[in-house]
Amino acid sequence: MAGNGLDPLTLEILWQRLITVADQMSTTLARTAFSTTITASNDYGCVLIDVDAQCIAHAQRSLPIFNRTMPYTTGLILERFGREHIRPGDVFISNDPWENAGHNPDITVITPFFNGGALVGFAASIAHHADVGGAIDTNQVSDSYEEGLLIPLVRLYRAGEINQTALDFVEANVRLPTAVIGDIHAQVAANQTGAERCLALLDEYGLPDLRAISAEIHDRSERAMRTAIAALPDGVYRSKVVVDELDQPLQLVCALEVRDDEIFIDFSGTSPQQPRGAINVTFTFTHGQISYALKATLLPDVPGNDGCYRPIHASAPAGCILNAQRPASVSQRHRIGAHIFGAVIQALAEVLPDRVIAGSGFLVSTRVFANASDGSAISHSYLFSAGGMGANARANGISTVQAPALAGAVPVELFEIAVPILTRSREFIPDSGGGGRERGGLAQRMELGLLPGYQGTATVSVHAAGQNVPPFGLHGGEGGAPAQILRDGEVLSRAEKVQYASALPLTETKQRVGFETAAGGGYGPPKERAPERVRADVRDGLVSLAQAAQTYGVILDRESLQVDVKATEAKRRVM
Amino acid sequence: MTFELGFDIGGTFTDFALQNTESGELAIFKVLTTADRPEVGALDGMSTFLDQCGLRHVQLLNIFHGTTLVANTLIEHKGALVGLLTTAGFRDILEMRTEQRFAIYDLFLQYPPPLSPRYLRRGIRERIDRDGNILECVCEDSVRAAVEDFKREGVEAIAVACLHSYRNPANEQRIAEIVRASWPDVPLATSSDIAPEIREYERTSTTVANAYTLPLMSRYLKTMDAKLAGSGFGGNFYLMLSSGSSALVSAARKQPIRLVESGPAAGALAAAYYGELAGCKDLLSFDMGGTTAKVALVHDGRPAVASNLEVARVHRFTKGSGYPLQFPTVDILESGAGGGSIAWVDNLGLLKVGPQSAGSNPGPACYGFGGDAPTVTDADLVLGYLNPDYFLGGSMKLDRQAARQALAPLAKTFDWSIVETADAIHQLVNENMAATARIHILESARDPRNYAMVCFGGAGPVHAAGVASILGIAEVIVAPGAGVASAIGLLIAPIAFDYSHSYPTTLASADWRAVADLFADMETRGAQMMNDAGISTGETVIERSVDGRFQGQLHEIQVPLPDDLGVMKVDEFIARFNARYRDLYHYLPDHTPIELLTWRVRVSGMRAPVKPARLPQSSPDPASARKGERPVYFSEIADFVPTPVYDRYQLCAGMQIPGPAIVEERESTIVVRPKMEATVDDYGNVRLARAQAD
């Protein structure tokens, strides 16, 4: 078999084995963690990183942003501590938003591993923790100091010895110390699994380190990405996305230049960072979102690793909302950051119509804190609720599935066991999906109240992304319905949302807090949608008779729901 | 003399195994499955088989049946039109799933359609809270109205699944009563009956899937039961469940969804049985067929059982792309690696095998049915592992030239010879299957090196030694009758049923009287079922367990409970729980309370052991079984070597065959690699292991 270094067969086998190792880290973490954000919602990631701080493989369900930030944090370890000072038994920890995933609930734990005394690589995990202290009413915070615990990049273990001082600091600064400390230990265990399995693999193949395989993985992936980019015509592709998540409309301005087999993407002209409300985005998160959007559109089939991103050069001016500077408040960064995916997609929509999807409805992230009135118990749960996914050239958008994020829901029954809340409803919102030849995915409405008979009160923080401006349609498709926040069934006004939404009290059984997620945009002109498909949507209650007529120009018989062919043709002629 | 008969209806073949319960003598038989009406082929085949054995139906004490019908109904979407009644405000639970995408970079992924369409999902005003309190009684008129609508819409089965019904089934039961009153004969499934476990999506999915298969399976089993009775059979008719146990047809008819993995579960039981004969109790059951490979674990002689599964995955066997089901099932991992798996080059220039399969039509290129994609079978033929003139006992000729041609483009891409290419495909598919097995073993915190492998399936014995060596498994057991393993497994399965009920509580605040009541209820139902099967209390075994976790976690671990809860010491339970947890995850969280969720009972009846037949003894020299020689390629030698070929049907106990060697049987071929040795044991198992010092 020809070739220098690893032959293609051995490479394929080792590469798949490394992905399996990362998956095993992921399984260990999911099964031993305490926070539902990790266990039910999958808001975490596990990667294997080489000695040069480049990601080689990630767990298959690892969140894409995290796969990019962990190698970055690892690079900082090399820079600050010095390669020669990293010892077997060391473990590093950090949650600094500028050096990790953009907000401090995401805590990174990185474990270097060694073969015969030589550094071979790093096993790393990051997870969204149950609490890091700080203000609950995040719409009102004005800087990162109000956002709770910040763990600088430090050793959690030094040569196998735990840094109890660091853990004591963590424990003293969070509302749910048992869960947070337990989850940090779960991350350490997951990394240990990764390190051990990776070393066993090297041993089995008689390899001293990961260099040969890492080089092959990165070079081949880089070549594949270059080939994909080279297939695009050279030029500058632009998009401007208006987002309006808090006080006022802001713009994200994207210029994506394809130059031969490289991409230069820049966000000059984007609105400045905001003085309050926690919606600022650090560049680590921005960079992760850009990478994800380009990977998913240009090279979806290649397992993720840093080689894929070598031909991509991303930038955003310091001080803009996508490259916020300290001490900006950032804990709700995904409310703006999730739109980066759409900005990249819209820039590519003309040149890659078959590879893009319309705007998706993001998610609503809700936190509930409940306090028993006798002071006996405090209970807490996160709740992630998906919007609708954008449609594409070949299919409707999927209803209530997270996109571009990839976390998941907490089952209602488990949520209700965690907190004294009665979920009043959780259902699709008819007519919410953006009209199109392919329809956008539907959003959901959810309503919560105190559990009847519960002696105590609760505070509900609702953080919606996709408010005020609908997720975009593509190629003639219409936008999806934007997100809303409701109190006692009434939609909150913009001013009320800013003032109340991140700390809505529930003190009596009859009170309700609710929200609607945003829906997916449609693809292609709605009047080109086959009338029978519109009829099926009406039968299923996804589209009303009125929307069928107004948006799709399809006239149905009220009783039989048969398509009135003549009336439909006439209506569509004048649309 | 009395006899028991097992028959397993698979996609291609219907297999039979017949056991003389006194002598232990076993006979096997195979006919083609009649796809459109599987009972016809099966019943005809049974008559033919009995005739051959000089028996009549009346002499059969029990009949055990396994079938892929339920799995096929789900995969091919051929089930009933199901109406779902659920808590008002939650009609979309079934379609919202977990709100999670199963493939992170795929923007175009699709899910299988919900098994109850939205226009037939109706919210009913009612509500039960987390503690089982009825906050709102059932709005009875809305149930009646929904049922009338269902009748008009042509609904064929109804599912009822309400929030927290595992905690208090009263509202679901009331809804069911109203449905029954207005539509007495509609097939009906309630979640508190089918899967009374916490997690509304999984419980609803299980209940709807059960309703979806009810009408078809109920008709099918009724016909089968009646025809068997008509032919003179007067014994008990049992169905094989996914859990690896058998239940009377009367019980199975109510919960047909539990039959979904019936064939593979029986296969794992057969592995356990043959392993035990060979003196191995920790085993990997490896079954490689035409399109997939299935791996199951056997611990201490019993197949490992999981408390849930996912079926009909639409995306490359990816978790999250199928329908979740909540009931105990033999833990089987399936991967897209079979004889028909196609080799291809990805956009990184790397070789891949599967999961696309050429299936049986057009099939591998060497079948000569017009397929031109290079498959695993083509590679195995080029390497000399398969005999072109003795495939399926010679009933089908294989075309070696067509296989070489199919491999040629890949060879060109990699600048390899045709043979190197074939060897790469063979190794890679072995690696893929080993990866599946490795995850399975490691996740149960075991070491593969302590396991033996039992292999089945047409392609299993060809690849088993390669897969075992990747995993560090020392011994491979190729059982006799590997081609009808599931049918044999049916004769081994205990008669049993699993019950479960969620009652979430912390260990400290558990109301043990309530727990005792739960167990009493489940065990009464189990005793009734055993009674129906004619099994006395003295022959009944009851096993209790509970799914627990540290408070706040989401994943539970199953911990056995003592027979008498009255004497259970909480400290002992904690110690047992901690030991199991540490076993799995190597560390223990400090000071965290234990939470208990789902209580489980398995009620089983003992069965007379199957007595295996013994082969005649001979000297170690296998010369009398030798049928020829052909060149076979081995990567260890990096060349073709003249390799003796043996006839499996001529083997005697005690023979020792040094590798390299080939042992041919009708449905498969055993590859004995260089530096290995095959020995034939008393029961006809061919056992492959590293040769004693060369």
# chains A, B, ... in the order shown; residues from 1 in each chain; ligands from 1
$ interface_residues --of "chain B" --to "chain A" --cutoff "7 Å" --atoms "only C-alpha atoms" --output "ChimeraX atom specification"
/B:89-92,96,98-101,104-107,118-119,130,164,198-200,347-348,350-351,416,424,431,552-555,589
$ write_last_selection --atoms "N, CA and C atoms" --output "tab-separated table (two decimals), in the first residue's frame"
chain	number	residue	atom	x	y	z
B	89	GLY	N	-53.62	20.51	25.50
B	89	GLY	CA	-52.44	21.38	25.55
B	89	GLY	C	-51.15	20.66	25.21
B	90	PHE	N	-51.24	19.34	25.00
B	90	PHE	CA	-50.02	18.55	24.78
B	90	PHE	C	-50.15	17.60	23.59
B	91	ARG	N	-50.97	17.97	22.61
B	91	ARG	CA	-51.23	17.01	21.53
B	91	ARG	C	-50.02	16.78	20.64
B	92	ASP	N	-48.99	17.64	20.76
B	92	ASP	CA	-47.85	17.50	19.85
B	92	ASP	C	-46.64	16.81	20.47
B	96	MET	N	-42.98	16.59	18.72
B	96	MET	CA	-41.92	17.49	19.18
B	96	MET	C	-40.69	16.69	19.59
B	98	THR	N	-37.60	15.14	21.12
B	98	THR	CA	-36.74	15.72	22.16
B	98	THR	C	-36.28	17.11	21.74
B	99	GLU	N	-36.80	17.61	20.62
B	99	GLU	CA	-36.44	18.93	20.08
B	99	GLU	C	-34.99	19.00	19.65
B	100	GLN	N	-34.37	17.86	19.50
B	100	GLN	CA	-32.94	17.83	19.26
B	100	GLN	C	-32.64	17.24	17.89
B	101	ARG	N	-31.65	17.80	17.21
B	101	ARG	CA	-31.23	17.20	15.94
B	101	ARG	C	-30.21	16.11	16.22
B	104	ILE	N	-25.22	16.77	13.78
B	104	ILE	CA	-25.03	18.20	14.02
B	104	ILE	C	-24.76	19.01	12.76
B	105	TYR	N	-24.12	18.43	11.75
B	105	TYR	CA	-23.79	19.24	10.56
B	105	TYR	C	-24.81	19.05	9.43
B	106	ASP	N	-25.80	18.21	9.62
B	106	ASP	CA	-26.75	17.92	8.54
B	106	ASP	C	-27.96	18.84	8.65
B	107	LEU	N	-28.03	19.83	7.78
B	107	LEU	CA	-29.14	20.78	7.83
B	107	LEU	C	-30.39	20.21	7.16
B	118	ARG	N	-51.33	14.43	13.03
B	118	ARG	CA	-51.80	15.49	13.92
B	118	ARG	C	-53.32	15.62	13.92
B	119	TYR	N	-53.96	15.42	12.77
B	119	TYR	CA	-55.42	15.63	12.75
B	119	TYR	C	-56.15	14.56	13.55
B	130	ARG	N	-47.64	15.82	39.57
B	130	ARG	CA	-46.47	14.94	39.73
B	130	ARG	C	-46.63	13.96	40.88
B	164	HIS	N	-48.30	12.25	33.52
B	164	HIS	CA	-48.16	11.64	34.85
B	164	HIS	C	-49.08	10.44	35.09
B	198	ILE	N	-42.07	7.12	33.67
B	198	ILE	CA	-41.95	8.57	33.53
B	198	ILE	C	-41.20	8.91	32.22
B	199	ARG	N	-41.52	10.05	31.63
B	199	ARG	CA	-41.02	10.62	30.36
B	199	ARG	C	-42.13	10.50	29.33
B	200	GLU	N	-42.83	11.60	29.15
B	200	GLU	CA	-44.07	11.55	28.35
B	200	GLU	C	-43.84	11.21	26.89
B	347	ASN	N	-15.18	12.05	0.47
B	347	ASN	CA	-14.55	13.22	-0.14
B	347	ASN	C	-13.20	13.57	0.49
B	348	LEU	N	-12.74	12.76	1.42
B	348	LEU	CA	-11.38	12.93	1.94
B	348	LEU	C	-10.44	11.94	1.28
B	350	LEU	N	-10.85	8.68	1.55
B	350	LEU	CA	-10.71	7.52	2.43
B	350	LEU	C	-11.74	6.45	2.07
B	351	LEU	N	-11.32	5.20	2.31
B	351	LEU	CA	-12.21	4.07	2.04
B	351	LEU	C	-13.27	3.97	3.12
B	416	TRP	N	-4.00	0.30	-5.38
B	416	TRP	CA	-3.82	-1.00	-4.75
B	416	TRP	C	-4.14	-2.07	-5.80
B	424	ALA	N	-8.57	-4.78	2.20
B	424	ALA	CA	-8.86	-3.54	2.92
B	424	ALA	C	-10.35	-3.49	3.29
B	431	GLU	N	-13.45	-3.89	11.33
B	431	GLU	CA	-13.19	-2.78	12.26
B	431	GLU	C	-14.50	-2.08	12.64
B	552	GLY	N	-31.06	14.61	40.89
B	552	GLY	CA	-30.63	15.62	39.94
B	552	GLY	C	-30.11	15.01	38.65
B	553	GLN	N	-29.67	13.75	38.69
B	553	GLN	CA	-29.20	13.13	37.46
B	553	GLN	C	-30.38	12.70	36.59
B	554	LEU	N	-30.06	12.37	35.36
B	554	LEU	CA	-31.13	11.98	34.45
B	554	LEU	C	-31.06	10.49	34.11
B	555	HIS	N	-29.85	9.95	34.14
B	555	HIS	CA	-29.69	8.55	33.78
B	555	HIS	C	-29.76	7.69	35.03
B	589	PRO	N	-20.23	10.70	43.65
B	589	PRO	CA	-20.46	12.05	44.16
B	589	PRO	C	-20.64	12.00	45.68
$ select_by_dssp --residues "segment 480-572 of chain A" --states "strand (DSSP E)" --output "list in words"
Gln484, Ile485, Leu486, Arg487, Glu490, Val491, Leu504, Pro505, Leu506, Val513, Gly514, Phe515 and Glu516 of chain A
$ write_last_selection --atoms "C-alpha atoms" --output "PDB file, in the first residue's frame"
ATOM      1  CA  GLN A 484     -43.255  36.437  22.205  1.00  0.00           C
ATOM      2  CA  ILE A 485     -43.377  36.499  25.963  1.00  0.00           C
ATOM      3  CA  LEU A 486     -46.728  36.264  27.713  1.00  0.00           C
ATOM      4  CA  ARG A 487     -47.991  37.128  31.161  1.00  0.00           C
ATOM      5  CA  GLU A 490     -51.206  38.713  27.313  1.00  0.00           C
ATOM      6  CA  VAL A 491     -48.274  39.381  25.000  1.00  0.00           C
ATOM      7  CA  LEU A 504     -41.260  37.211  36.194  1.00  0.00           C
ATOM      8  CA  PRO A 505     -42.707  36.339  39.592  1.00  0.00           C
ATOM      9  CA  LEU A 506     -45.272  33.606  40.226  1.00  0.00           C
ATOM     10  CA  VAL A 513     -45.961  32.944  32.507  1.00  0.00           C
ATOM     11  CA  GLY A 514     -45.768  31.887  28.905  1.00  0.00           C
ATOM     12  CA  PHE A 515     -43.828  32.282  25.718  1.00  0.00           C
ATOM     13  CA  GLU A 516     -43.930  31.537  22.053  1.00  0.00           C
TER      14      GLU A 516
END
$ residues_around --residues "Arg525 of chain B" --least-positions-apart "5" --cutoff "10 Å" --atoms "only C-alpha atoms" --output "list in words"
Phe497, Tyr499, Phe519, Ala520, Met530, Asn531 and Val603 of chain B
$ residues_around --residues "Arg333 of chain A" --least-positions-apart "2" --cutoff "12 Å" --atoms "only C-alpha atoms" --output "PyMOL selection string"
chain A and resi 97-98+101-106+138-139+144+245-246+273-274+276-286+289+321-324+328-331+335-340+365+463-465
$ atom_distance --atom1 "atom CA of Ala370 of chain A" --atom2 "atom CA of Val419 of chain A"
6.7 Å
$ closest_residue --among "A:Ser360, A:Asn173, A:Ser493, A:Asn67" --to "Asn468 of chain A" --atoms "only C-alpha atoms"
A:Ser493
$ closest_residue --among "B:Leu381, B:Leu325, B:Ile425, B:Met240" --to "Ile495 of chain B" --atoms "only C-alpha atoms"
B:Met240
$ atom_distance --atom1 "atom CA of Ser242 of chain B" --atom2 "atom CA of Pro117 of chain B"
26.5 Å
$ closest_atom_pairs --of "segment 424-469 of chain B" --to "segment 362-377 of chain B" --cutoff "9 Å" --atoms "only C-alpha atoms" --output "Markdown table"
| residue | atom | partner | partner_atom | distance |
| --- | --- | --- | --- | --- |
| B:Ile425 | CA | B:Val376 | CA | 6.5 |
| B:His426 | CA | B:Val376 | CA | 6.5 |
| B:Val429 | CA | B:Val376 | CA | 7.6 |
| B:Ala459 | CA | B:Thr377 | CA | 8.2 |
$ write_last_selection --atoms "C-alpha atoms" --output "compact mmCIF listing (two decimals), in the first residue's frame"
# COMPACT_ATOMS: atom_id res chain seq x y z
CA ILE B 425 -12.67 -3.88 2.64
CA HIS B 426 -12.61 -7.05 4.70
CA VAL B 429 -15.87 -3.93 7.84
CA ALA B 459 -21.40 -13.76 7.01
$ residues_around --residues "Arg600 of chain B" --least-positions-apart "2" --cutoff "6 Å" --atoms "only C-alpha atoms" --output "CSV table (one decimal) with C-alpha atoms, in the first residue's frame"
chain,number,residue,atom,x,y,z
B,499,TYR,CA,-43.7,-5.3,34.6
B,500,SER,CA,-42.6,-1.8,35.5
B,544,ARG,CA,-37.4,-7.2,41.7
B,545,SER,CA,-35.3,-4.2,40.9
B,546,VAL,CA,-35.5,-0.4,40.9
$ residues_around --residues "Ala314 of chain A" --least-positions-apart "6" --cutoff "10 Å" --atoms "only C-alpha atoms" --output "ChimeraX atom specification"
/A:256,263-267,283,286-288,290-291
